[in-house]
>>> print(open('structure03.cif').read())   # mmCIF, C-alpha atoms (C1' of nucleotides)
data_upload
#
loop_
_atom_site.label_atom_id
_atom_site.label_comp_id
_atom_site.auth_asym_id
_atom_site.auth_seq_id
_atom_site.Cartn_x
_atom_site.Cartn_y
_atom_site.Cartn_z
CA MET A 1 -5.56 30.09 43.26
CA GLN A 2 -6.00 27.52 40.60
CA THR A 3 -8.79 25.06 41.24
CA ILE A 4 -7.95 21.45 41.89
CA GLU A 5 -9.42 20.37 38.56
CA ARG A 6 -7.09 22.69 36.77
CA LYS A 7 -4.14 21.08 38.44
CA VAL A 8 -5.39 17.61 37.63
CA ARG A 9 -5.95 18.57 34.02
CA SER A 10 -2.46 19.95 33.71
CA ARG A 11 -1.05 16.79 35.25
CA GLU A 12 -2.92 14.66 32.79
CA GLN A 13 -1.70 16.83 29.97
CA THR A 14 1.97 16.37 30.74
CA ARG A 15 1.33 12.70 31.42
CA SER A 16 -0.13 12.16 27.99
CA GLY A 17 2.63 14.38 26.65
CA ILE A 18 5.18 11.92 27.98
CA ILE A 19 3.35 9.03 26.37
CA SER A 20 2.95 10.68 23.01
CA THR A 21 6.56 11.88 22.78
CA ALA A 22 7.71 8.39 23.69
CA LYS A 23 5.63 7.07 20.81
CA ALA A 24 6.89 9.82 18.52
CA ILE A 25 10.54 9.03 19.21
CA ALA A 26 9.86 5.32 18.77
CA SER A 27 8.11 6.01 15.49
CA GLN A 28 11.01 8.03 14.11
CA GLU A 29 14.06 6.33 15.58
CA GLY A 30 12.82 3.02 16.94
CA TRP A 31 12.23 1.94 20.52
CA GLN A 32 15.90 1.46 21.11
CA ALA A 33 16.34 5.22 20.85
CA VAL A 34 13.65 6.03 23.40
CA SER A 35 15.21 7.25 26.63
CA ILE A 36 13.82 9.02 29.66
CA ARG A 37 16.15 11.97 29.17
CA LYS A 38 15.15 12.38 25.54
CA ILE A 39 11.49 12.35 26.47
CA ALA A 40 12.09 14.88 29.24
CA ASP A 41 13.99 17.15 26.87
CA ALA A 42 11.19 17.02 24.34
CA ILE A 43 8.60 18.15 26.86
CA ASP A 44 10.97 20.78 28.34
CA TYR A 45 11.46 19.16 31.69
CA SER A 46 14.34 17.51 33.45
CA ALA A 47 14.49 13.73 33.59
CA PRO A 48 13.22 13.17 37.16
CA VAL A 49 9.79 14.66 36.49
CA VAL A 50 9.03 11.70 34.25
CA TYR A 51 9.28 9.58 37.38
CA GLU A 52 6.53 11.65 38.98
CA TYR A 53 4.21 10.21 36.36
CA PHE A 54 5.64 6.73 35.79
CA ASP A 55 7.53 4.69 38.37
CA SER A 56 9.90 3.39 35.73
CA LYS A 57 10.45 3.17 32.01
CA ASP A 58 8.93 -0.26 32.24
CA VAL A 59 5.54 0.91 33.47
CA LEU A 60 5.59 3.67 30.86
CA LEU A 61 5.98 1.03 28.15
CA ASP A 62 3.32 -1.07 29.86
CA GLU A 63 0.92 1.86 29.77
CA ILE A 64 1.55 2.38 26.05
CA ARG A 65 1.01 -1.32 25.47
CA ASN A 66 -2.29 -1.27 27.36
CA GLU A 67 -3.36 1.82 25.47
CA GLY A 68 -2.82 -0.23 22.33
CA PHE A 69 -4.97 -3.08 23.56
CA ARG A 70 -7.67 -0.66 24.68
CA TYR A 71 -7.66 0.89 21.23
CA LEU A 72 -8.07 -2.54 19.68
CA TYR A 73 -10.91 -3.31 22.09
CA LYS A 74 -12.71 -0.15 21.07
CA GLU A 75 -12.34 -0.96 17.41
CA TYR A 76 -13.49 -4.55 17.89
CA ASP A 77 -16.48 -3.29 19.79
CA ARG A 78 -17.30 -0.97 16.92
CA ILE A 79 -17.27 -3.94 14.54
CA LEU A 80 -19.56 -5.83 16.89
CA LYS A 81 -22.12 -3.07 16.58
CA LEU A 82 -21.65 -2.80 12.84
CA TYR A 83 -22.17 -6.43 11.85
CA ARG A 84 -24.22 -9.30 13.21
CA ASP A 85 -22.82 -12.17 11.19
CA PRO A 86 -20.06 -13.83 13.22
CA GLU A 87 -18.19 -14.77 10.08
CA LYS A 88 -18.16 -11.17 8.92
CA ARG A 89 -17.28 -10.00 12.40
CA LEU A 90 -14.21 -12.18 12.73
CA TYR A 91 -12.99 -11.28 9.29
CA GLU A 92 -13.41 -7.56 9.87
CA ILE A 93 -11.58 -7.84 13.16
CA SER A 94 -8.71 -9.51 11.35
CA LEU A 95 -8.53 -6.54 9.02
CA ILE A 96 -8.48 -4.12 11.93
CA GLN A 97 -5.54 -6.00 13.37
CA TRP A 98 -3.70 -5.53 10.10
CA ASP A 99 -4.50 -1.84 9.76
CA PHE A 100 -3.47 -1.23 13.34
CA ALA A 101 -0.09 -2.90 12.91
CA ARG A 102 0.46 -1.05 9.68
CA GLN A 103 -0.53 2.38 10.88
CA GLN A 104 1.00 2.25 14.34
CA PRO A 105 3.84 -0.25 14.11
CA GLU A 106 5.57 1.19 17.20
CA ILE A 107 2.57 0.34 19.34
CA TYR A 108 2.30 -3.10 17.85
CA GLN A 109 6.00 -3.58 18.58
CA VAL A 110 5.74 -2.68 22.24
CA MET A 111 2.65 -4.87 22.61
CA TYR A 112 4.62 -7.93 21.55
CA ASN A 113 8.16 -6.91 22.51
CA LEU A 114 9.27 -6.65 18.91
CA ASP A 115 12.26 -4.91 17.35
CA GLY A 116 14.02 -3.65 20.43
CA ALA A 117 10.90 -2.70 22.33
CA TYR A 118 11.11 -4.46 25.65
CA CYS A 119 8.58 -4.37 28.43
CA THR A 120 9.10 -6.69 31.39
CA MET A 121 5.46 -7.05 32.38
CA PRO A 122 3.99 -10.21 30.86
CA VAL A 123 1.36 -9.46 28.22
CA TYR A 124 -1.04 -12.13 29.31
CA GLN A 125 -1.48 -10.42 32.65
CA SER A 126 -2.68 -7.24 31.03
CA GLU A 127 -6.34 -6.63 31.79
CA ALA A 128 -6.73 -4.81 28.49
CA MET A 129 -5.30 -7.74 26.56
CA GLN A 130 -7.61 -10.17 28.32
CA ALA A 131 -10.60 -8.01 27.41
CA VAL A 132 -9.55 -8.18 23.78
CA SER A 133 -9.18 -11.94 24.02
CA ARG A 134 -12.60 -12.28 25.57
CA ILE A 135 -14.28 -10.30 22.85
CA VAL A 136 -12.78 -12.43 20.09
CA GLU A 137 -13.51 -15.64 21.96
CA GLU A 138 -17.14 -14.59 22.27
CA ILE A 139 -17.37 -14.03 18.55
CA ILE A 140 -15.95 -17.45 17.88
CA PHE A 141 -18.36 -18.93 20.41
CA SER A 142 -21.37 -17.33 18.76
CA PHE A 143 -19.97 -18.88 15.65
CA ILE A 144 -19.60 -22.43 16.84
CA PRO A 145 -20.76 -22.93 20.42
CA LYS A 146 -18.34 -25.49 21.78
CA ALA A 147 -16.61 -26.13 25.07
CA LYS A 148 -14.46 -23.39 26.50
CA GLU A 149 -11.33 -25.34 25.74
CA SER A 150 -12.17 -25.63 22.07
CA ILE A 151 -12.90 -21.93 21.84
CA LYS A 152 -9.57 -21.08 23.47
CA ARG A 153 -7.89 -23.35 20.99
CA LEU A 154 -9.56 -21.76 18.00
CA TYR A 155 -8.76 -18.30 19.30
CA PHE A 156 -5.15 -19.31 19.70
CA GLN A 157 -5.11 -20.48 16.10
CA TRP A 158 -6.72 -17.32 14.82
CA TRP A 159 -4.35 -15.14 16.80
CA SER A 160 -1.34 -17.10 15.61
CA ALA A 161 -2.37 -16.88 11.98
CA SER A 162 -2.98 -13.16 12.18
CA HIS A 163 0.02 -12.23 14.28
CA GLY A 164 2.40 -14.51 12.41
CA MET A 165 1.62 -13.03 9.06
CA ILE A 166 1.62 -9.46 10.34
CA MET A 167 5.00 -9.92 12.00
CA LEU A 168 6.57 -11.52 8.98
CA SER A 169 5.12 -8.89 6.69
CA MET A 170 6.76 -6.18 8.74
CA LEU A 171 10.01 -8.11 8.78
CA LEU A 172 10.07 -8.62 5.03
CA LYS A 173 8.50 -5.35 4.00
CA ASP A 174 11.59 -4.27 2.04
CA GLU A 175 11.57 -7.52 0.12
CA GLN A 176 7.89 -8.16 -0.33
CA PRO A 177 5.72 -5.05 -0.70
CA LEU A 178 3.22 -4.58 2.08
CA ASP A 179 0.34 -4.34 -0.38
CA GLN A 180 1.12 -7.82 -1.62
CA SER A 181 1.43 -9.12 1.94
CA GLU A 182 -1.91 -7.55 2.74
CA GLN A 183 -3.54 -9.37 -0.12
CA ILE A 184 -2.20 -12.70 1.12
CA TYR A 185 -3.21 -11.79 4.66
CA ARG A 186 -6.78 -11.07 3.61
CA GLU A 187 -7.03 -14.31 1.74
CA THR A 188 -5.52 -16.30 4.58
CA MET A 189 -7.81 -14.82 7.21
CA ARG A 190 -10.82 -15.17 4.96
CA ARG A 191 -9.98 -18.81 4.48
CA PHE A 192 -9.51 -19.29 8.20
CA VAL A 193 -12.91 -17.82 8.94
CA ARG A 194 -14.56 -19.85 6.20
CA ASP A 195 -12.99 -23.10 7.38
CA LEU A 196 -14.40 -22.48 10.82
CA ARG A 197 -17.81 -23.36 9.52
CA MET B 1 57.76 -20.17 18.55
CA GLN B 2 54.17 -21.22 18.28
CA THR B 3 53.13 -22.10 14.78
CA ILE B 4 50.68 -19.91 12.96
CA GLU B 5 47.98 -22.57 13.11
CA ARG B 6 48.27 -22.65 16.87
CA LYS B 7 47.66 -18.93 17.00
CA VAL B 8 44.71 -19.18 14.64
CA ARG B 9 43.24 -21.99 16.68
CA SER B 10 43.53 -20.02 19.88
CA ARG B 11 41.93 -17.04 18.21
CA GLU B 12 39.04 -19.15 17.07
CA GLN B 13 38.68 -20.56 20.53
CA THR B 14 38.26 -17.21 22.23
CA ARG B 15 36.02 -16.10 19.38
CA SER B 16 33.65 -18.98 19.91
CA GLY B 17 34.05 -18.41 23.64
CA ILE B 18 32.65 -14.93 23.21
CA ILE B 19 29.72 -16.26 21.23
CA SER B 20 28.88 -19.03 23.63
CA THR B 21 29.07 -16.87 26.75
CA ALA B 22 26.84 -14.32 25.05
CA LYS B 23 24.33 -17.08 24.43
CA ALA B 24 24.75 -18.37 27.98
CA ILE B 25 24.03 -14.99 29.53
CA ALA B 26 21.06 -14.51 27.22
CA SER B 27 19.75 -17.91 28.15
CA GLN B 28 19.95 -17.24 31.86
CA GLU B 29 19.14 -13.54 32.14
CA GLY B 30 17.70 -12.58 28.76
CA TRP B 31 19.25 -10.59 25.94
CA GLN B 32 18.69 -7.36 27.76
CA ALA B 33 21.30 -8.43 30.29
CA VAL B 34 23.96 -9.24 27.71
CA SER B 35 26.71 -6.64 27.77
CA ILE B 36 30.20 -6.52 26.31
CA ARG B 37 31.78 -6.06 29.72
CA LYS B 38 29.89 -9.00 31.17
CA ILE B 39 31.03 -11.22 28.30
CA ALA B 40 34.61 -10.02 28.71
CA ASP B 41 34.52 -10.71 32.44
CA ALA B 42 33.25 -14.22 31.86
CA ILE B 43 36.12 -15.08 29.52
CA ASP B 44 38.67 -13.32 31.77
CA TYR B 45 39.52 -10.48 29.45
CA SER B 46 38.95 -6.78 29.46
CA ALA B 47 36.16 -5.35 27.37
CA PRO B 48 38.18 -4.05 24.38
CA VAL B 49 39.43 -7.50 23.36
CA VAL B 50 35.88 -8.38 22.35
CA TYR B 51 36.22 -5.67 19.70
CA GLU B 52 39.24 -7.50 18.28
CA TYR B 53 36.83 -10.26 17.33
CA PHE B 54 33.63 -8.37 16.58
CA ASP B 55 33.46 -4.82 15.31
CA SER B 56 30.43 -4.11 17.46
CA LYS B 57 27.79 -5.75 19.59
CA ASP B 58 25.58 -5.61 16.54
CA VAL B 59 27.78 -7.85 14.40
CA LEU B 60 28.18 -10.23 17.33
CA LEU B 61 24.41 -10.60 17.48
CA ASP B 62 24.34 -10.91 13.70
CA GLU B 63 26.83 -13.75 13.86
CA ILE B 64 24.75 -15.57 16.45
CA ARG B 65 21.69 -15.07 14.30
CA ASN B 66 23.45 -16.49 11.27
CA GLU B 67 24.73 -19.41 13.29
CA GLY B 68 21.09 -20.11 14.08
CA PHE B 69 20.07 -20.08 10.45
CA ARG B 70 23.02 -22.26 9.50
CA TYR B 71 21.98 -24.75 12.16
CA LEU B 72 18.46 -24.80 10.75
CA TYR B 73 19.86 -25.30 7.26
CA LYS B 74 21.88 -28.27 8.41
CA GLU B 75 18.85 -29.83 10.07
CA TYR B 76 16.64 -29.23 7.05
CA ASP B 77 19.26 -30.80 4.88
CA ARG B 78 19.29 -33.81 7.13
CA ILE B 79 15.53 -34.17 6.69
CA LEU B 80 15.98 -33.91 2.93
CA LYS B 81 18.23 -36.93 3.01
CA LEU B 82 15.97 -38.80 5.40
CA TYR B 83 12.67 -38.56 3.51
CA ARG B 84 11.73 -38.35 -0.11
CA ASP B 85 8.04 -37.54 0.17
CA PRO B 86 7.68 -33.74 -0.06
CA GLU B 87 4.66 -33.79 2.21
CA LYS B 88 6.61 -35.64 4.88
CA ARG B 89 9.60 -33.38 4.33
CA LEU B 90 7.69 -30.18 4.89
CA TYR B 91 5.97 -31.52 7.96
CA GLU B 92 9.20 -32.75 9.50
CA ILE B 93 10.81 -29.40 8.83
CA SER B 94 7.96 -27.72 10.65
CA LEU B 95 8.67 -29.91 13.65
CA ILE B 96 12.36 -29.01 13.56
CA GLN B 97 11.40 -25.37 13.63
CA TRP B 98 9.39 -26.00 16.78
CA ASP B 99 12.07 -28.01 18.54
CA PHE B 100 14.67 -25.42 17.71
CA ALA B 101 12.62 -22.57 19.14
CA ARG B 102 11.84 -24.61 22.21
CA GLN B 103 15.36 -25.82 22.92
CA GLN B 104 17.25 -22.66 22.07
CA PRO B 105 14.80 -19.82 22.56
CA GLU B 106 17.59 -17.23 22.91
CA ILE B 107 18.78 -17.98 19.41
CA TYR B 108 15.27 -17.88 18.06
CA GLN B 109 14.80 -14.53 19.78
CA VAL B 110 17.86 -12.92 18.25
CA MET B 111 16.93 -14.30 14.83
CA TYR B 112 13.64 -12.42 14.91
CA ASN B 113 14.47 -9.55 17.28
CA LEU B 114 12.20 -10.85 19.98
CA ASP B 115 12.03 -10.09 23.69
CA GLY B 116 14.70 -7.44 23.96
CA ALA B 117 17.11 -9.01 21.52
CA TYR B 118 17.87 -6.37 18.95
CA CYS B 119 20.12 -6.70 15.95
CA THR B 120 20.17 -3.84 13.45
CA MET B 121 21.13 -5.87 10.39
CA PRO B 122 18.01 -6.79 8.41
CA VAL B 123 17.30 -10.53 8.51
CA TYR B 124 16.33 -10.83 4.88
CA GLN B 125 19.83 -9.81 3.86
CA SER B 126 21.37 -12.71 5.74
CA GLU B 127 22.87 -15.21 3.32
CA ALA B 128 22.21 -18.01 5.80
CA MET B 129 18.53 -17.06 6.04
CA GLN B 130 18.19 -16.98 2.28
CA ALA B 131 19.69 -20.45 2.05
CA VAL B 132 17.08 -21.68 4.50
CA SER B 133 14.34 -20.01 2.47
CA ARG B 134 15.60 -21.58 -0.73
CA ILE B 135 15.61 -25.06 0.71
CA VAL B 136 12.01 -24.82 1.89
CA GLU B 137 10.90 -23.22 -1.37
CA GLU B 138 12.43 -26.11 -3.26
CA ILE B 139 10.51 -28.60 -1.18
CA ILE B 140 7.29 -26.75 -1.87
CA PHE B 141 8.16 -26.64 -5.55
CA SER B 142 8.78 -30.38 -5.73
CA PHE B 143 5.39 -30.58 -4.11
CA ILE B 144 3.45 -28.44 -6.50
CA PRO B 145 5.53 -27.12 -9.37
CA LYS B 146 4.13 -23.67 -9.97
CA ALA B 147 5.50 -20.29 -10.93
CA LYS B 148 8.15 -18.77 -8.70
CA GLU B 149 5.70 -16.20 -7.43
CA SER B 150 3.26 -18.83 -6.22
CA ILE B 151 6.01 -20.71 -4.48
CA LYS B 152 7.18 -17.59 -2.70
CA ARG B 153 3.61 -17.00 -1.64
CA LEU B 154 3.16 -20.48 -0.29
CA TYR B 155 6.47 -20.28 1.53
CA PHE B 156 5.41 -17.00 3.08
CA GLN B 157 2.22 -18.63 4.28
CA TRP B 158 4.03 -21.64 5.69
CA TRP B 159 6.57 -19.45 7.44
CA SER B 160 3.85 -17.22 8.89
CA ALA B 161 1.86 -20.13 10.20
CA SER B 162 4.87 -21.72 11.83
CA HIS B 163 6.47 -18.59 13.21
CA GLY B 164 3.18 -17.09 14.40
CA MET B 165 2.27 -20.08 16.46
CA ILE B 166 5.76 -20.54 17.84
CA MET B 167 5.98 -16.91 18.91
CA LEU B 168 2.58 -16.91 20.53
CA SER B 169 3.29 -20.18 22.29
CA MET B 170 6.40 -18.70 23.82
CA LEU B 171 4.49 -15.57 24.79
CA LEU B 172 1.68 -17.50 26.46
CA LYS B 173 3.72 -20.37 27.85
CA ASP B 174 2.79 -19.50 31.44
CA GLU B 175 -0.88 -19.53 30.57
CA GLN B 176 -1.07 -22.35 28.07
CA PRO B 177 1.34 -25.23 28.65
CA LEU B 178 3.88 -25.69 25.88
CA ASP B 179 2.90 -29.32 25.41
CA GLN B 180 -0.61 -28.28 24.59
CA SER B 181 0.65 -25.60 22.22
CA GLU B 182 2.85 -28.17 20.56
CA GLN B 183 -0.12 -30.40 19.93
CA ILE B 184 -2.01 -27.59 18.27
CA TYR B 185 1.10 -26.63 16.33
CA ARG B 186 1.53 -30.14 14.98
CA GLU B 187 -2.07 -30.32 13.94
CA THR B 188 -1.98 -26.91 12.30
CA MET B 189 1.18 -27.62 10.33
CA ARG B 190 -0.09 -31.05 9.36
CA ARG B 191 -3.25 -29.48 8.07
CA PHE B 192 -1.28 -26.84 6.20
CA VAL B 193 0.82 -29.47 4.47
CA ARG B 194 -2.21 -31.58 3.65
CA ASP B 195 -4.14 -28.64 2.20
CA LEU B 196 -1.25 -27.96 -0.11
CA ARG B 197 -2.22 -31.00 -2.15
"C1'" DT C 1 73.66 -9.11 21.76
"C1'" DC C 2 70.99 -5.33 21.35
"C1'" DA C 3 67.65 -1.97 19.09
"C1'" DG C 4 63.42 -1.97 17.07
"C1'" DA C 5 59.04 -3.63 15.52
"C1'" DT C 6 54.88 -6.29 16.53
"C1'" DG C 7 51.04 -7.44 18.78
"C1'" DA C 8 48.22 -8.80 22.74
"C1'" DG C 9 46.22 -6.83 26.43
"C1'" DT C 10 45.39 -3.17 29.64
"C1'" DT C 11 43.52 1.34 31.74
"C1'" DA C 12 41.01 5.43 31.16
"C1'" DA C 13 38.02 8.05 29.04
"C1'" DC C 14 33.58 9.76 26.37
"C1'" DA C 15 28.88 10.10 26.00
"C1'" DC C 16 24.98 8.02 27.01
"C1'" DC C 17 21.54 5.14 29.89
"C1'" DG C 18 17.82 4.34 34.13
"C1'" DT C 19 17.23 5.86 38.59
"C1'" DT C 20 17.51 8.33 43.03
"C1'" DA C 21 18.91 11.64 46.69
"C1'" DA C 22 19.56 16.16 47.86
"C1'" DC C 23 18.45 20.60 47.17
"C1'" DC C 24 16.05 25.11 45.91
"C1'" DA C 25 12.60 28.47 45.07
"C1'" DC C 26 8.18 29.70 45.14
"C1'" DC C 27 3.34 30.18 46.95
"C1'" DG C 28 -0.56 29.78 50.11
"C1'" DA C 29 -1.76 29.59 55.16
"C1'" DC C 30 -1.52 30.95 59.72
"C1'" DG D 1 6.77 37.07 58.61
"C1'" DT D 2 7.57 32.52 59.07
"C1'" DC D 3 6.17 27.74 58.08
"C1'" DG D 4 5.20 23.76 55.13
"C1'" DG D 5 4.35 21.77 50.97
"C1'" DT D 6 4.80 21.56 46.00
"C1'" DG D 7 7.14 21.46 41.43
"C1'" DG D 8 11.11 21.48 39.75
"C1'" DT D 9 16.16 21.32 39.56
"C1'" DT D 10 21.21 19.57 39.83
"C1'" DA D 11 24.29 16.01 40.87
"C1'" DA D 12 25.38 11.66 41.56
"C1'" DC D 13 25.68 6.20 41.18
"C1'" DG D 14 26.47 2.34 38.59
"C1'" DG D 15 25.88 0.68 34.29
"C1'" DT D 16 26.12 0.68 28.85
"C1'" DG D 17 28.83 0.59 23.87
"C1'" DT D 18 32.97 2.18 22.11
"C1'" DT D 19 37.65 4.14 21.34
"C1'" DA D 20 42.27 6.16 22.25
"C1'" DA D 21 46.33 5.74 24.54
"C1'" DC D 22 49.37 3.12 26.91
"C1'" DT D 23 52.22 -1.05 28.70
"C1'" DC D 24 54.84 -4.86 28.26
"C1'" DA D 25 56.57 -9.08 26.61
"C1'" DT D 26 58.10 -11.44 22.72
"C1'" DC D 27 60.00 -11.99 18.24
"C1'" DT D 28 63.05 -10.08 14.28
"C1'" DG D 29 66.92 -8.52 11.99
"C1'" DA D 30 71.68 -6.69 12.04
#
>>> encode(input="structure03.cif", output="structure tokens")
Amino acid sequence: MQTIERKVRSREQTRSGIISTAKAIASQEGWQAVSIRKIADAIDYSAPVVYEYFDSKDVLLDEIRNEGFRYLYKEYDRILKLYRDPEKRLYEISLIQWDFARQQPEIYQVMYNLDGAYCTMPVYQSEAMQAVSRIVEEIIFSFIPKAKESIKRLYFQWWSASHGMIMLSMLLKDEQPLDQSEQIYRETMRRFVRDLR
Amino acid sequence: MQTIERKVRSREQTRSGIISTAKAIASQEGWQAVSIRKIADAIDYSAPVVYEYFDSKDVLLDEIRNEGFRYLYKEYDRILKLYRDPEKRLYEISLIQWDFARQQPEIYQVMYNLDGAYCTMPVYQSEAMQAVSRIVEEIIFSFIPKAKESIKRLYFQWWSASHGMIMLSMLLKDEQPLDQSEQIYRETMRRFVRDLR
DNA sequence: TCAGATGAGTTAACACCGTTAACCACCGAC
DNA sequence: GTCGGTGGTTAACGGTGTTAACTCATCTGA
């Protein structure tokens, strides 16, 4: 008789298999092409087993989205340990945001409901997203200790600047090479951080 | 026998009927809920007649998107006639962008493939979008006459700043009131325009 | 006036989608 | 040896975009 751990491990394996094939399909054919049946086929199961792991397609997408935010959190945390200067920290975090969107665009898409990816759950209610927000807000605070409202405002501006340019770069990538966009992005974020002083 | 004009007019009426009910459904239930059959029902036809007017759902969405860009173009043009100062012009255009996104979010969504709206045709190939780009680039040029590359770069930065903040404001509208976001938006765009000097 | 063409609109179908109910076969326990 | 649960299946429901085939009225030309 297989131990209970063994069963749990196997469950977690197929669960992460569902997630990673969903991401794989999205990466190759776009989120619009991701369907429960296609995922099930890819992992050699019938469609209903997917529902043993995720109540709906929506919560599957939500899980992938949260995975994305958790990944970002981890990376931001790494930067926190790597540098002490708040200016440097915020700039490096901006770069991570760029690299993430560039290397895993599907995840970035589902995080912001971009390009056919559509997840009903509101982003701002995601615990993982709030953790990410908190970490950046803390950096900004250590930078210029102001009232909470001001910090929120500055974070909103930083987020907008970063996300806006990333989104537009992806949108125009066939017109304006990504390397060029990256250069402008770096300069813009550097300027933003500098002007914070 | 009804004249040929009469027939053409009727055709154009049902055509614009299709477009406006698509927008109406999107406005009330989101783009995800927009289906050919639902549109057909609303205009008291069967589904296939929609295909007499639009080859596919995709080109219907593309038409709505282009309508959006044409509207923006018209508004920008109005500003051009209203003010002569390039600084004022660019700032006013930024405000139009905001009002447009706020008053007709469905259109804004389909223009940028946001929130479940998904149109395959690439935006940057839209003639209407390019006209909008040109008009803003010309304003920036009259501002600071530089090489074409620099203008494109500045336009990209302006567009990013505006679009990024608009998108995030919509995303966070239940957390951060839109009026507050608008205030920050105005200040940010004002600063952008000022720093251009 | 009557046959034929035209064209607007329909129904029915195909293949897919998310989701759920019903079922089946196996495997450990008593 | 029979029972219950567990992991998996098939089949179905209502919906999607899209197309082929059909109907039927109206207009055209002889």
>>> resolve_selection(input="structure03.cif", expression="the PyMOL selection byres ((chain B) within 9 of (chain A))", output="VMD selection string")
chain B and resid 32 112 to 120 122 to 124 153 156 to 157 159 to 169 171 to 172 174 to 175 181 184 to 185 188
>>> residues_around(input="structure03.cif", residues="DG14 (chain D)", least_positions_apart="3", cutoff="12 Å", atoms="only C-alpha atoms (C1' of nucleotides)", output="JSON, numbers by chain")
{"C": [17, 18, 19, 20]}
>>> resolve_selection(input="structure03.cif", expression="the PyMOL selection byres ((chain A) within 8 of (chain C))", output="count of residues only")
3
>>> atom_distance(input="structure03.cif", atom1="C1' of DG7 (chain D)", atom2="CA of Arg15 (chain A)")
14.5 Å
>>> interface_residues(input="structure03.cif", of="chain B", to="chain D", cutoff="12 Å", atoms="only C-alpha atoms (C1' of nucleotides)", output="VMD selection string")
chain B and resid 1 to 2 32 to 38 47 to 51 54 to 58
>>> atom_distance(input="structure03.cif", atom1="CA of Arg89 (chain B)", atom2="CA of Phe143 (chain B)")
9.8 Å
>>> residues_around(input="structure03.cif", residues="Gly68 (chain B)", least_positions_apart="6", cutoff="9 Å", atoms="only C-alpha atoms (C1' of nucleotides)", output="mmCIF file with C-alpha atoms, in the coordinates of the input")
data_model
loop_
_atom_site.group_PDB
_atom_site.id
_atom_site.type_symbol
_atom_site.label_atom_id
_atom_site.label_comp_id
_atom_site.auth_asym_id
_atom_site.auth_seq_id
_atom_site.Cartn_x
_atom_site.Cartn_y
_atom_site.Cartn_z
ATOM 1 C CA ILE B 107 18.780 -17.980 19.410
ATOM 2 C CA TYR B 108 15.270 -17.880 18.060
ATOM 3 C CA VAL B 110 17.860 -12.920 18.250
ATOM 4 C CA MET B 111 16.930 -14.300 14.830
ATOM 5 C CA ALA B 128 22.210 -18.010 5.800
ATOM 6 C CA MET B 129 18.530 -17.060 6.040
#
>>> resolve_selection(input="structure03.cif", expression="the PyMOL selection byres ((chain A and resi 151) around 12)", output="compact mmCIF listing (two decimals) with C-alpha atoms, keeping the file's coordinate frame")
# COMPACT_ATOMS: atom_id res chain seq x y z
CA SER A 133 -9.18 -11.94 24.02
CA ARG A 134 -12.60 -12.28 25.57
CA ILE A 135 -14.28 -10.30 22.85
CA VAL A 136 -12.78 -12.43 20.09
CA GLU A 137 -13.51 -15.64 21.96
CA GLU A 138 -17.14 -14.59 22.27
CA ILE A 139 -17.37 -14.03 18.55
CA ILE A 140 -15.95 -17.45 17.88
CA PHE A 141 -18.36 -18.93 20.41
CA SER A 142 -21.37 -17.33 18.76
CA PHE A 143 -19.97 -18.88 15.65
CA ILE A 144 -19.60 -22.43 16.84
CA PRO A 145 -20.76 -22.93 20.42
CA LYS A 146 -18.34 -25.49 21.78
CA ALA A 147 -16.61 -26.13 25.07
CA LYS A 148 -14.46 -23.39 26.50
CA GLU A 149 -11.33 -25.34 25.74
CA SER A 150 -12.17 -25.63 22.07
CA LYS A 152 -9.57 -21.08 23.47
CA ARG A 153 -7.89 -23.35 20.99
CA LEU A 154 -9.56 -21.76 18.00
CA TYR A 155 -8.76 -18.30 19.30
CA PHE A 156 -5.15 -19.31 19.70
CA GLN A 157 -5.11 -20.48 16.10
CA TRP A 158 -6.72 -17.32 14.82
CA LEU A 196 -14.40 -22.48 10.82
>>> axis_aligned_box(input="structure03.cif", around="region 24-29 of chain D", padding_each_side="4 Å", output="JSON")
{"center_x": 60.9, "center_y": -8.4, "center_z": 20.1, "size_x": 20.1, "size_y": 15.1, "size_z": 24.3}
>>> closest_residue(input="structure03.cif", among="A:Ile64, A:Ile96, A:Ile18, A:Ala26", to="Glu52 (chain A)", atoms="all atoms listed in the file")
A:Ile18
>>> atom_distance(input="structure03.cif", atom1="CA of Ile93 (chain A)", atom2="CA of Ala131 (chain A)")
14.3 Å
